[in-house]
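Everything on this sheet refers to the single structure shown next.
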Amino acid sequence: MEETTREWCSSMVDNCEEVPTKEVIEFRPPLYKQRYFFVKNLVQQHKPKKVADLGFGDILNRLVLKDPFYVFCRSNLSPSVGDYLVPRDLDLTITLYRGSAVQKDSRLVGFDLMTCIELIEHLDSEDLAKFPEVVFGYYSPRIIIISTPNSEFNPLFPASTFRHLDHKFEWNRIQFQTWASDVANLYDYSVEFTGVGSPPAGAEHVGYCTQIGVFQKNEAKATESCISTPEEHVYETVNPCFQVLVDEIFFLQVFTTAYPSLQEKKNLLLVLSAEVLRASNSMRLRFIVDPKKKKVNGRLVPEDSCVPRYGLIVTDAQRAQIESSPKPYCVGKKFYVPLERLITFPKVNRLVDSVERLRSLLSEALKLNRDQSALQVDLHDHYSRTMLSY
Amino acid sequence: MSGRARARARGRAPGPGATEVGRPSAAPSPTSVDTGDKEASSSSGFVGTSRVSQQREDGISSGDAGCTFIERGGKIRRDVMDLGICTREKLAHVRDCKRGSSGVPVKLVTNLFSLDLPQNWQLYQYHVAYVPELESRRLRIALLYSHAEFSNKAKAFDGTILFLSQKLEDKVTELSSETSKGETVKMTITLIMELPASSPICIQVLNIIFKKIFKKLAMYQIGRNFYKPSEPVEIPQHKLSLWPGFAISVSQFESRLQFTADVSYKVLRNETVLEFMTGICQQTGMSCFAQMCEKQLLGLIVLTRYNNKTYRIDDIDWSVKPTHTFQKQDGTEITYVDYYKQQYDITLSDLNQPVLVSLLKSKRNDNTEARMAHLIPELCFITGLTRQATTDFQLMKVVAEKTRLSPLGRQQCLARLADDIQRNKYARFELETWGLHFGCQMSLTGRVLPSEKILMQDHVCQPVSAAEWSKDMRNCKILSARPLNKWLIICSNRDKNVAEDFLHCLRRAGSSMGFNVDYPKNIKVQENPAAFLSALQKHVDPDVQLVMCILPSNQKSYYDSIKKYLNSFCPVPSQCALTRTLNKQQMMMSIATRIAMQMACKLGGELWAVEIPLKSLMVVGIDVCKDDFSKDMVVVGFVASINPRITRWFSRCILQRTTTDVADCLKVFMTGALNKWYKHNHGLPARIVVYRDGVGDGQLKTLIEYEVPQLLSSVTEASSNTSPKLSVIVVRKKCTPRFFTETDRSVQNPPLGTVVDSEATRPEWYDFYLISRAACRGTVSPTHYNVIYDDNSLKPDHMQRLTFKLCHLYYNWPGLISIPAPCQYAHKLTFLVAQSIHKEPSLELSNSLFYL
């Protein structure tokens, strides 16, 4: 979910920082990706509902002002075709604002996680002084991630200047940690330090190329409520660039997009129907070739367990669960699969948790038997009628 | 007629709405080798993506620069290429006017929107060079765009070639920019060409502008069209989603630039290729799993979920697994699993799946080897319908129901689109800065040709509806029929009674149309294809006039083996019908009538005729179809009339390598047809009109340079004094314009016989549209005719009317069809060969319509 935004940011860093010069030290995966993976892991771990990324953009960001679409067409902020084909589990809305990181805006209050990746080094001393009050004091999210270059690493690079022309400073570890601890103390956060971009062998003493501070609010109650209901992940991206260019008071909403997800019924129905049909199809084919069937109450019931051989199932436990559920059967030219069996299939079970829910959904898209206890399909479909001879 | 036969007969004729879906499913459209369109279109789709920085010595050249453009290695759309071929200027009789005159004028609304440009509008093409050279295209673009000079200008730039609608002050402009690293980059912008609005490059740039606009309307490009995945039509019971969208283009029509939009649906399967393969595995078992996968999957277009790209599956590499490594562009080795994890954060679940192979088209025209892309089945989604799916009646019915649009519905879609374009702020901005004005929907005047009388043996009938006249000709005698005396019926033991009932009806139907059917020899066999085949081998001898097989099932093997045997090994006309069809009691008589007609034709009979004012006219239909069996073969069909009444036909067919791409055998076929004509009429025809179907985009030039001369040389060699006069017409069923008639507040399909020969036609061609197919529920699509060669110098009016008359003569359907009968015959013939027999049918059958 956060990948898309990450990639968008990465495109900037990609261009301006790492591509033009071939550095002697190469990171694998590239450093910008390591930073994003780091954030991603943290997001997965804490499952925040609302995430804001305060970012810095230079050349491409200036373009945003002139022709916003220029960037969006080439970024992956909008859902891709693949996002429609494989809807996400949970809803996601991405909103892009343009504004300043040192101006308060009420729309950014109430977030669970805020990231400031390679941001603070772009702030001049005046803005840096205002920054903690805005982010820690006013927005006050549960978790804040701040990353910045570690200047101790710089001697390993060929150029002796700052890593980016616009950097106002590059701190060593002590400088960053001092600043961070002071801020954390002031606003009642605890902070842990880590980093990405391990130094090469023999230079371990310089520490990570990028140093990261992870700040957590010292408040136990708030955390609980967030973790228990991870229904919606809103991802907001804030791009504070040059104050002079922007409306002084408000963040400008540049762009917003919503992703298709399984929370929408039509998406769920489509994915569920496909899974259910695949499961029933596999059993139907087993049924057709199985010679041993017996007649019970007008139903033709297989002796075979009718558990599909290929795909669909991974573990023995899953197999056993399917085997212990009611068997499919056949009446006339119709093949029936009890819903209780369908729901034992892992991929079906992942989508719906109860037979009732399965029933109410399927009855809208597929055919069920009269008492709505089983899915009804043709015993011989088009394929078996035309291609196979029995 | 068997269900299959009917499906085939209707495949392109008056069929059910299935063809509506035509675009996405890309049904059996012959030689349309334009897979390219559907395939991996680069996301930018830019005109000249090649980064050639050669020095141009010629400086500025104005005017048409199509060739320079192609030489530079830019991709030019193949249909645009066709537009550059001016055939009309060579045809003196239509140079001034190509419009017909007969018929009743009718006002029509089109799906064309006028695009107005200011007078003397020009496009300026610049070349941009960077010092130092920059690798990143994005950076090159960003640097140029960051200049205030360009901020509010209309521009299209791919990193090398820049198009502007306003001329820069100087021929050479020097600019410099600073990258974030502080490096100074010098950009030299040199004017290369000034292009008028009508030039092909300009039209391509306009197409790019519209692509941009459509992206801004939240549409996604798949292949050449744009779709809206956010408003899908879903068919869960068949695991399908349909994405609504449009096929769009900008091009020069008769007097002005027009934007065309036609509603199109993209069919997507809601399962990955891996899931699809698992399904095949469960169906067939492991023994012929690989073979079956290849049969079902090769040639399909897949969409990868991690980027918005489409690829064609050209092969499956069973030896490569996701755990194997490949070389990345930077030379490092990585496994597929790690690559997708690192690049897209996707975890592959099945480590035993093979990889799909897609050959990528090289963007440059140099002869570098085609690159291959390996795709992971788990990450690919199938677009379009599989061949298996297209034969599934149930499925096709649902798809047709969901996608079929009435003229009104279509009109509403168009109106909404026009509205969206005009309301969208970015679209408006884009159009305005280029100086484009998006106008209203164009109306024009067409004509409805007078209806035709159908000539029977002793009766002239004026059908109530030209769409179908089976009722009108009930109890009328057909023109001529040979009695059927010695024939066989082969059926399974079970179907004995069905056969008897059917025979009874057939004899009754036959006698009422003047076709005498005697009692056949009845052969009962076991219910399997081999039993049918051995019965044929045992009982069919040269005296047998016809063999009828009553097939117990729709299994392809029955039909194919019978047709193969009786068309090439032991040439005897054959008739297949499904038991299921013959079991329909209440329809028995009409089914028997149809089958009687087909049988009469297969014996060389003639059913009906229309009045042909031209004496001594031969008409020819040519079609090309890809072989179903071996993909590198194409089947060329050639069907020529051999009597002045145009009721008897000579049919030839050949299989040839795809690489030649054009019909190679036309000279031989034409000479054969002329000989036949000479034999029957003791002289040569005075005129020959050839209708050529199955022409793909971009093939027009080859047709003119290669096929027409072949036909001409055969015609001139046929006689030493006055040789027949020749006309060649390219027939295309797939064309973008649509026409509607407006009746108070609603729109409808135009009446049958509507001709359009102005405004929606092309200035460089002698062309017209004709609506000769009835659409009961959907929207009718017109057929486009382009006369590329014309010695006959018939008046345009006569050419149009002759074409309309020929659409009445397809004996498999008592009604009008969408293309001239000889083309439909040629199509039917190539389809039979390509689908079932994969061999040239015996010459002995060439005098009858044995393939109906």
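Chain lettering (A, B, ...) mirrors the order of the structure tokens, residue numbering begins at 1 for each chain separately, and ligand numbering begins at 1 in order of display.
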Task: Spatial neighbours of Phe169 of chain A, max dist 8 Å, only C-alpha atoms, sep filter under 5 positions, as a list in words - done: Glu121, His122 and Phe162 of chain A
Task: Distance query Gln656 of chain B at most 8 Å, only C-alpha atoms, self and fewer than 6 positions along chain excluded, as an MDAnalysis selection string - done: chainID B and resid 633:636
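What separates atom CA of Ser553 of chain B from atom CA of Thr579 of chain B is a distance of 7.3 Å.
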TODO: Please return, as a ChimeraX atom specification, all residues of chain A lying within 6 Å of chain B when only C-alpha atoms are considered.
DONE: /A:81-82,165,270,273-274,366,382,386
Writing out the chosen residues with C-alpha atoms as a PDB file, in the first residue's frame:
```pdb
ATOM      1  CA  VAL A  81      -4.220  -1.311 -14.037  1.00  0.00           C
ATOM      2  CA  GLY A  82      -2.853  -4.057 -11.807  1.00  0.00           C
ATOM      3  CA  LEU A 165      23.339  20.991  -3.398  1.00  0.00           C
ATOM      4  CA  LEU A 270     -15.635 -10.798  -8.337  1.00  0.00           C
ATOM      5  CA  SER A 273     -16.646 -15.869  -7.394  1.00  0.00           C
ATOM      6  CA  ALA A 274     -13.433 -16.609  -9.231  1.00  0.00           C
ATOM      7  CA  LEU A 366     -23.770 -17.330  -8.855  1.00  0.00           C
ATOM      8  CA  HIS A 382     -18.513 -26.081 -22.463  1.00  0.00           C
ATOM      9  CA  THR A 386     -16.463 -30.099 -26.819  1.00  0.00           C
TER      10      THR A 386
END
```
Task: Distance of atom CA of Arg428 of chain B from atom CA of Thr257 of chain A, expressed in Å to one decimal place - done: 21.1 Å
Task: segment 378-608 of chain B: residues DSSP assigns to alpha helix (DSSP H), reported as number ranges by chain - done: B: 387-390, 393-403, 407-423, 425-434, 496-513, 529-539, 556-564, 579-582, 588-602
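What separates atom CA of Val263 of chain B from atom CA of Cys413 of chain B is a distance of 7.4 Å.
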8 Å contact set for segment 600-614 of chain B, only C-alpha atoms, chain neighbours under 4 positions out, as a CSV table (one decimal) with N, CA, C and O atoms, in the first residue's frame:
```csv
chain,number,residue,atom,x,y,z
B,452,GLU,N,-33.4,-4.0,-53.7
B,452,GLU,CA,-33.2,-4.9,-54.8
B,452,GLU,C,-34.3,-6.0,-54.9
B,452,GLU,O,-34.9,-6.4,-53.8
B,453,LYS,N,-34.7,-6.4,-56.1
B,453,LYS,CA,-35.6,-7.5,-56.2
B,453,LYS,C,-34.8,-8.8,-56.3
B,453,LYS,O,-33.7,-8.9,-56.8
B,454,ILE,N,-35.4,-9.8,-55.7
B,454,ILE,CA,-34.8,-11.1,-55.7
B,454,ILE,C,-35.4,-12.0,-56.8
B,454,ILE,O,-36.6,-12.2,-56.8
B,455,LEU,N,-34.6,-12.4,-57.7
B,455,LEU,CA,-35.1,-13.2,-58.9
B,455,LEU,C,-35.0,-14.7,-58.6
B,455,LEU,O,-34.0,-15.2,-58.3
B,456,MET,N,-36.2,-15.3,-58.6
B,456,MET,CA,-36.3,-16.8,-58.4
B,456,MET,C,-36.6,-17.4,-59.8
B,456,MET,O,-36.7,-16.7,-60.8
B,457,GLN,N,-36.8,-18.7,-59.8
B,457,GLN,CA,-37.0,-19.3,-61.1
B,457,GLN,C,-38.2,-18.8,-61.9
B,457,GLN,O,-38.0,-18.4,-63.0
B,478,ILE,N,-36.1,-22.5,-56.6
B,478,ILE,CA,-34.8,-21.9,-56.7
B,478,ILE,C,-34.4,-21.9,-58.2
B,478,ILE,O,-35.0,-22.7,-59.0
B,479,LEU,N,-33.4,-21.2,-58.6
B,479,LEU,CA,-33.1,-21.0,-60.0
B,479,LEU,C,-32.8,-22.3,-60.7
B,479,LEU,O,-33.3,-22.6,-61.8
B,480,SER,N,-31.9,-23.1,-60.1
B,480,SER,CA,-31.6,-24.4,-60.8
B,480,SER,C,-31.1,-25.3,-59.7
B,480,SER,O,-30.5,-24.9,-58.7
B,481,ALA,N,-31.4,-26.6,-59.9
B,481,ALA,CA,-30.8,-27.6,-58.9
B,481,ALA,C,-30.7,-28.9,-59.6
B,481,ALA,O,-31.5,-29.3,-60.4
B,482,ARG,N,-29.6,-29.6,-59.3
B,482,ARG,CA,-29.5,-30.9,-59.8
B,482,ARG,C,-30.1,-31.9,-58.8
B,482,ARG,O,-30.0,-31.7,-57.6
B,515,PHE,N,-36.0,-28.9,-55.7
B,515,PHE,CA,-34.8,-29.6,-55.5
B,515,PHE,C,-35.2,-31.0,-55.2
B,515,PHE,O,-35.8,-31.3,-54.1
B,545,GLN,N,-23.0,-38.6,-54.7
B,545,GLN,CA,-23.1,-37.2,-55.0
B,545,GLN,C,-22.8,-36.4,-53.7
B,545,GLN,O,-22.3,-35.3,-53.8
B,546,LEU,N,-23.3,-36.9,-52.6
B,546,LEU,CA,-23.2,-36.1,-51.4
B,546,LEU,C,-23.3,-37.0,-50.2
B,546,LEU,O,-23.9,-38.1,-50.2
B,573,PRO,N,-18.9,-33.7,-52.0
B,573,PRO,CA,-19.6,-32.7,-51.1
B,573,PRO,C,-20.1,-33.3,-49.9
B,573,PRO,O,-20.6,-34.5,-49.9
B,574,SER,N,-20.0,-32.6,-48.8
B,574,SER,CA,-20.5,-33.2,-47.5
B,574,SER,C,-21.4,-32.2,-46.8
B,574,SER,O,-21.2,-31.0,-46.9
B,596,ALA,N,-31.5,-28.0,-47.1
B,596,ALA,CA,-31.8,-28.3,-48.5
B,596,ALA,C,-31.1,-27.3,-49.4
B,596,ALA,O,-30.5,-27.7,-50.4
B,645,ARG,N,-24.8,-14.0,-64.8
B,645,ARG,CA,-25.8,-13.8,-63.9
B,645,ARG,C,-25.3,-13.7,-62.4
B,645,ARG,O,-26.0,-13.4,-61.5
B,646,ILE,N,-24.1,-14.1,-62.3
B,646,ILE,CA,-23.4,-14.1,-61.0
B,646,ILE,C,-24.1,-15.1,-60.0
B,646,ILE,O,-24.5,-14.7,-58.9
B,647,THR,N,-24.3,-16.3,-60.5
B,647,THR,CA,-24.9,-17.3,-59.6
B,647,THR,C,-24.1,-18.5,-59.5
B,647,THR,O,-24.4,-19.4,-58.6
B,648,ARG,N,-23.0,-18.6,-60.3
B,648,ARG,CA,-22.2,-19.8,-60.2
B,648,ARG,C,-20.8,-19.4,-59.9
B,648,ARG,O,-20.3,-18.3,-60.4
B,802,LEU,N,-23.5,-1.7,-57.6
B,802,LEU,CA,-23.1,-3.1,-57.9
B,802,LEU,C,-22.7,-3.7,-56.6
B,802,LEU,O,-23.0,-4.9,-56.3
B,805,LYS,N,-25.7,-4.7,-54.6
B,805,LYS,CA,-26.3,-5.9,-55.2
B,805,LYS,C,-25.6,-7.2,-54.8
B,805,LYS,O,-26.2,-8.2,-54.4
B,808,HIS,N,-26.3,-9.2,-51.7
B,808,HIS,CA,-27.5,-10.0,-51.7
B,808,HIS,C,-27.3,-11.5,-52.0
B,808,HIS,O,-28.2,-12.3,-52.0
B,809,LEU,N,-26.1,-11.8,-52.5
B,809,LEU,CA,-25.9,-13.1,-53.2
B,809,LEU,C,-25.3,-14.2,-52.4
B,809,LEU,O,-24.8,-15.2,-52.9
B,811,TYR,N,-25.5,-17.4,-50.5
B,811,TYR,CA,-26.5,-18.4,-50.5
B,811,TYR,C,-26.7,-19.1,-49.1
B,811,TYR,O,-27.6,-19.9,-48.9
B,847,ASN,N,-15.9,-26.3,-58.6
B,847,ASN,CA,-17.0,-25.7,-59.3
B,847,ASN,C,-18.3,-25.5,-58.5
B,847,ASN,O,-19.3,-25.1,-58.9
B,848,SER,N,-18.2,-26.0,-57.2
B,848,SER,CA,-19.4,-25.9,-56.4
B,848,SER,C,-19.1,-25.2,-55.1
B,848,SER,O,-17.9,-25.1,-54.7
B,849,LEU,N,-20.1,-24.7,-54.4
B,849,LEU,CA,-19.8,-24.1,-53.1
B,849,LEU,C,-19.8,-25.1,-52.0
B,849,LEU,O,-20.6,-25.2,-51.1
B,850,PHE,N,-18.8,-26.0,-52.2
B,850,PHE,CA,-18.7,-27.2,-51.3
B,850,PHE,C,-18.5,-26.9,-49.8
B,850,PHE,O,-18.7,-27.7,-48.9
B,851,TYR,N,-18.1,-25.6,-49.5
B,851,TYR,CA,-17.7,-25.2,-48.2
B,851,TYR,C,-18.8,-24.5,-47.4
B,851,TYR,O,-18.6,-24.0,-46.3
B,852,LEU,N,-20.0,-24.5,-48.0
B,852,LEU,CA,-21.0,-23.7,-47.3
B,852,LEU,C,-21.4,-24.4,-46.0
B,852,LEU,O,-21.4,-25.6,-45.9
```
Open item on the list: Just want the 8 Å neighbourhood of Ala154 of chain B, counted on only C-alpha atoms, with same-chain residues fewer than 6 positions away dropped. Output as a list in words.
Closed with: Leu164, Ser165, Gln166, Glu430, Thr433 and Trp434 of chain B
What would the file look like if the residues just selected were written as an mmCIF file, in the first residue's frame with all heavy atoms?
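part02.cif was written with the following content:
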```cif
data_model
loop_
_atom_site.group_PDB
_atom_site.id
_atom_site.type_symbol
_atom_site.label_atom_id
_atom_site.label_comp_id
_atom_site.auth_asym_id
_atom_site.auth_seq_id
_atom_site.Cartn_x
_atom_site.Cartn_y
_atom_site.Cartn_z
ATOM 1 N N LEU B 164 6.500 22.191 -31.078
ATOM 2 C CA LEU B 164 5.867 23.388 -30.526
ATOM 3 C C LEU B 164 4.844 23.904 -31.525
ATOM 4 O O LEU B 164 4.988 23.710 -32.731
ATOM 5 C CB LEU B 164 6.920 24.479 -30.285
ATOM 6 C CG LEU B 164 8.031 24.188 -29.270
ATOM 7 C CD1 LEU B 164 9.050 25.308 -29.293
ATOM 8 C CD2 LEU B 164 7.458 24.020 -27.879
ATOM 9 N N SER B 165 3.844 24.568 -31.001
ATOM 10 C CA SER B 165 2.874 25.152 -31.919
ATOM 11 C C SER B 165 3.229 26.599 -32.218
ATOM 12 O O SER B 165 2.667 27.215 -33.099
ATOM 13 C CB SER B 165 1.472 25.057 -31.342
ATOM 14 O OG SER B 165 1.394 25.839 -30.186
ATOM 15 N N GLN B 166 4.169 27.139 -31.432
ATOM 16 C CA GLN B 166 4.631 28.492 -31.711
ATOM 17 C C GLN B 166 6.110 28.455 -32.026
ATOM 18 O O GLN B 166 6.878 27.768 -31.348
ATOM 19 C CB GLN B 166 4.391 29.386 -30.497
ATOM 20 C CG GLN B 166 2.935 29.749 -30.332
ATOM 21 C CD GLN B 166 2.665 30.330 -28.960
ATOM 22 O OE1 GLN B 166 3.546 30.413 -28.111
ATOM 23 N NE2 GLN B 166 1.443 30.734 -28.760
ATOM 24 N N GLU B 430 -4.825 21.896 -22.325
ATOM 25 C CA GLU B 430 -3.987 21.271 -23.344
ATOM 26 C C GLU B 430 -4.457 21.680 -24.742
ATOM 27 O O GLU B 430 -3.678 22.095 -25.585
ATOM 28 C CB GLU B 430 -4.046 19.749 -23.178
ATOM 29 C CG GLU B 430 -3.080 18.974 -24.029
ATOM 30 C CD GLU B 430 -1.647 19.014 -23.512
ATOM 31 O OE1 GLU B 430 -1.466 19.006 -22.282
ATOM 32 O OE2 GLU B 430 -0.727 19.098 -24.339
ATOM 33 N N THR B 433 -3.829 25.536 -25.439
ATOM 34 C CA THR B 433 -2.466 25.972 -25.706
ATOM 35 C C THR B 433 -2.001 25.528 -27.097
ATOM 36 O O THR B 433 -1.185 26.181 -27.709
ATOM 37 C CB THR B 433 -1.462 25.451 -24.659
ATOM 38 O OG1 THR B 433 -1.635 24.058 -24.549
ATOM 39 C CG2 THR B 433 -1.661 26.123 -23.329
ATOM 40 N N TRP B 434 -2.517 24.436 -27.567
ATOM 41 C CA TRP B 434 -2.152 24.017 -28.920
ATOM 42 C C TRP B 434 -2.953 24.775 -29.981
ATOM 43 O O TRP B 434 -2.717 24.638 -31.162
ATOM 44 C CB TRP B 434 -2.381 22.516 -29.108
ATOM 45 C CG TRP B 434 -1.343 21.664 -28.477
ATOM 46 C CD1 TRP B 434 -1.449 20.986 -27.302
ATOM 47 C CD2 TRP B 434 -0.024 21.382 -28.972
ATOM 48 N NE1 TRP B 434 -0.295 20.304 -27.029
ATOM 49 C CE2 TRP B 434 0.592 20.531 -28.047
ATOM 50 C CE3 TRP B 434 0.693 21.771 -30.116
ATOM 51 C CZ2 TRP B 434 1.893 20.059 -28.209
ATOM 52 C CZ3 TRP B 434 1.985 21.299 -30.287
ATOM 53 C CH2 TRP B 434 2.576 20.449 -29.337
#
```
Task: Backbone-only DSSP, strand (DSSP E or B) members of segment 735-789 of chain B, as a VMD selection string - done: chain B and resid 739 to 743 746 to 748 754 to 756 766 to 771 783 to 789
- [ ] Find the residues around Ile117 of chain A up to 9 Å (only C-alpha atoms counted), leave out those fewer than 6 positions away in its own chain, and share them as a PyMOL selection string.
- [x] chain A and resi 35-36+53-56+145-148+212
Would you write out those residues with all heavy atoms, as an mmCIF file, in the first residue's frame?
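Dumped to out34.cif:
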```
data_model
loop_
_atom_site.group_PDB
_atom_site.id
_atom_site.type_symbol
_atom_site.label_atom_id
_atom_site.label_comp_id
_atom_site.auth_asym_id
_atom_site.auth_seq_id
_atom_site.Cartn_x
_atom_site.Cartn_y
_atom_site.Cartn_z
ATOM 1 N N ARG A 35 15.787 2.783 2.423
ATOM 2 C CA ARG A 35 15.051 3.690 3.310
ATOM 3 C C ARG A 35 13.554 3.388 3.258
ATOM 4 O O ARG A 35 12.861 3.361 4.265
ATOM 5 C CB ARG A 35 15.298 5.145 2.890
ATOM 6 C CG ARG A 35 16.690 5.635 3.224
ATOM 7 C CD ARG A 35 16.769 7.147 3.163
ATOM 8 N NE ARG A 35 16.748 7.663 1.809
ATOM 9 C CZ ARG A 35 17.845 8.039 1.135
ATOM 10 N NH1 ARG A 35 19.021 7.955 1.697
ATOM 11 N NH2 ARG A 35 17.738 8.510 -0.092
ATOM 12 N N TYR A 36 13.079 3.122 2.045
ATOM 13 C CA TYR A 36 11.634 2.867 1.920
ATOM 14 C C TYR A 36 11.242 1.537 2.524
ATOM 15 O O TYR A 36 10.199 1.411 3.157
ATOM 16 C CB TYR A 36 11.205 2.968 0.457
ATOM 17 C CG TYR A 36 11.501 4.340 -0.065
ATOM 18 C CD1 TYR A 36 11.967 4.546 -1.339
ATOM 19 C CD2 TYR A 36 11.361 5.444 0.788
ATOM 20 C CE1 TYR A 36 12.279 5.820 -1.774
ATOM 21 C CE2 TYR A 36 11.678 6.702 0.365
ATOM 22 C CZ TYR A 36 12.138 6.894 -0.920
ATOM 23 O OH TYR A 36 12.444 8.145 -1.324
ATOM 24 N N ASP A 53 3.585 11.546 4.933
ATOM 25 C CA ASP A 53 4.987 11.632 4.590
ATOM 26 C C ASP A 53 5.293 13.082 4.245
ATOM 27 O O ASP A 53 4.745 13.630 3.304
ATOM 28 C CB ASP A 53 5.288 10.718 3.399
ATOM 29 C CG ASP A 53 6.731 10.835 2.973
ATOM 30 O OD1 ASP A 53 7.596 11.004 3.849
ATOM 31 O OD2 ASP A 53 6.996 10.770 1.761
ATOM 32 N N LEU A 54 6.139 13.699 5.056
ATOM 33 C CA LEU A 54 6.568 15.055 4.729
ATOM 34 C C LEU A 54 7.819 14.906 3.893
ATOM 35 O O LEU A 54 8.812 14.338 4.347
ATOM 36 C CB LEU A 54 6.884 15.842 6.003
ATOM 37 C CG LEU A 54 5.775 15.971 7.050
ATOM 38 C CD1 LEU A 54 6.268 16.782 8.230
ATOM 39 C CD2 LEU A 54 4.541 16.614 6.450
ATOM 40 N N GLY A 55 7.742 15.365 2.684
ATOM 41 C CA GLY A 55 8.869 15.144 1.795
ATOM 42 C C GLY A 55 9.411 16.438 1.251
ATOM 43 O O GLY A 55 8.788 17.486 1.354
ATOM 44 N N PHE A 56 10.598 16.306 0.712
ATOM 45 C CA PHE A 56 11.180 17.475 0.080
ATOM 46 C C PHE A 56 11.356 17.146 -1.396
ATOM 47 O O PHE A 56 11.869 16.102 -1.756
ATOM 48 C CB PHE A 56 12.532 17.790 0.703
ATOM 49 C CG PHE A 56 13.276 18.839 -0.064
ATOM 50 C CD1 PHE A 56 13.016 20.173 0.176
ATOM 51 C CD2 PHE A 56 14.192 18.492 -1.045
ATOM 52 C CE1 PHE A 56 13.683 21.139 -0.549
ATOM 53 C CE2 PHE A 56 14.854 19.469 -1.766
ATOM 54 C CZ PHE A 56 14.593 20.797 -1.525
ATOM 55 N N ILE A 145 9.160 9.186 12.058
ATOM 56 C CA ILE A 145 10.446 8.669 11.589
ATOM 57 C C ILE A 145 11.174 9.824 10.923
ATOM 58 O O ILE A 145 10.624 10.480 10.036
ATOM 59 C CB ILE A 145 10.248 7.531 10.573
ATOM 60 C CG1 ILE A 145 9.416 6.405 11.185
ATOM 61 C CG2 ILE A 145 11.592 7.008 10.088
ATOM 62 C CD1 ILE A 145 8.993 5.354 10.182
ATOM 63 N N ILE A 146 12.402 10.065 11.353
ATOM 64 C CA ILE A 146 13.184 11.133 10.734
ATOM 65 C C ILE A 146 14.510 10.545 10.270
ATOM 66 O O ILE A 146 15.210 9.871 11.037
ATOM 67 C CB ILE A 146 13.435 12.294 11.731
ATOM 68 C CG1 ILE A 146 12.097 12.979 12.063
ATOM 69 C CG2 ILE A 146 14.407 13.304 11.127
ATOM 70 C CD1 ILE A 146 12.214 14.085 13.084
ATOM 71 N N SER A 147 14.816 10.750 9.019
ATOM 72 C CA SER A 147 16.105 10.268 8.518
ATOM 73 C C SER A 147 16.892 11.447 7.987
ATOM 74 O O SER A 147 16.319 12.438 7.538
ATOM 75 C CB SER A 147 15.904 9.221 7.423
ATOM 76 O OG SER A 147 15.764 9.843 6.175
ATOM 77 N N THR A 148 18.222 11.326 8.032
ATOM 78 C CA THR A 148 19.081 12.410 7.543
ATOM 79 C C THR A 148 20.456 11.812 7.248
ATOM 80 O O THR A 148 20.810 10.755 7.793
ATOM 81 C CB THR A 148 19.138 13.541 8.607
ATOM 82 O OG1 THR A 148 19.759 14.683 8.030
ATOM 83 C CG2 THR A 148 19.903 13.113 9.846
ATOM 84 N N ILE A 212 18.742 7.214 11.150
ATOM 85 C CA ILE A 212 17.300 7.301 11.320
ATOM 86 C C ILE A 212 16.942 7.365 12.795
ATOM 87 O O ILE A 212 17.492 6.604 13.608
ATOM 88 C CB ILE A 212 16.591 6.079 10.688
ATOM 89 C CG1 ILE A 212 16.892 6.007 9.170
ATOM 90 C CG2 ILE A 212 15.071 6.137 10.915
ATOM 91 C CD1 ILE A 212 16.360 4.771 8.490
#
```
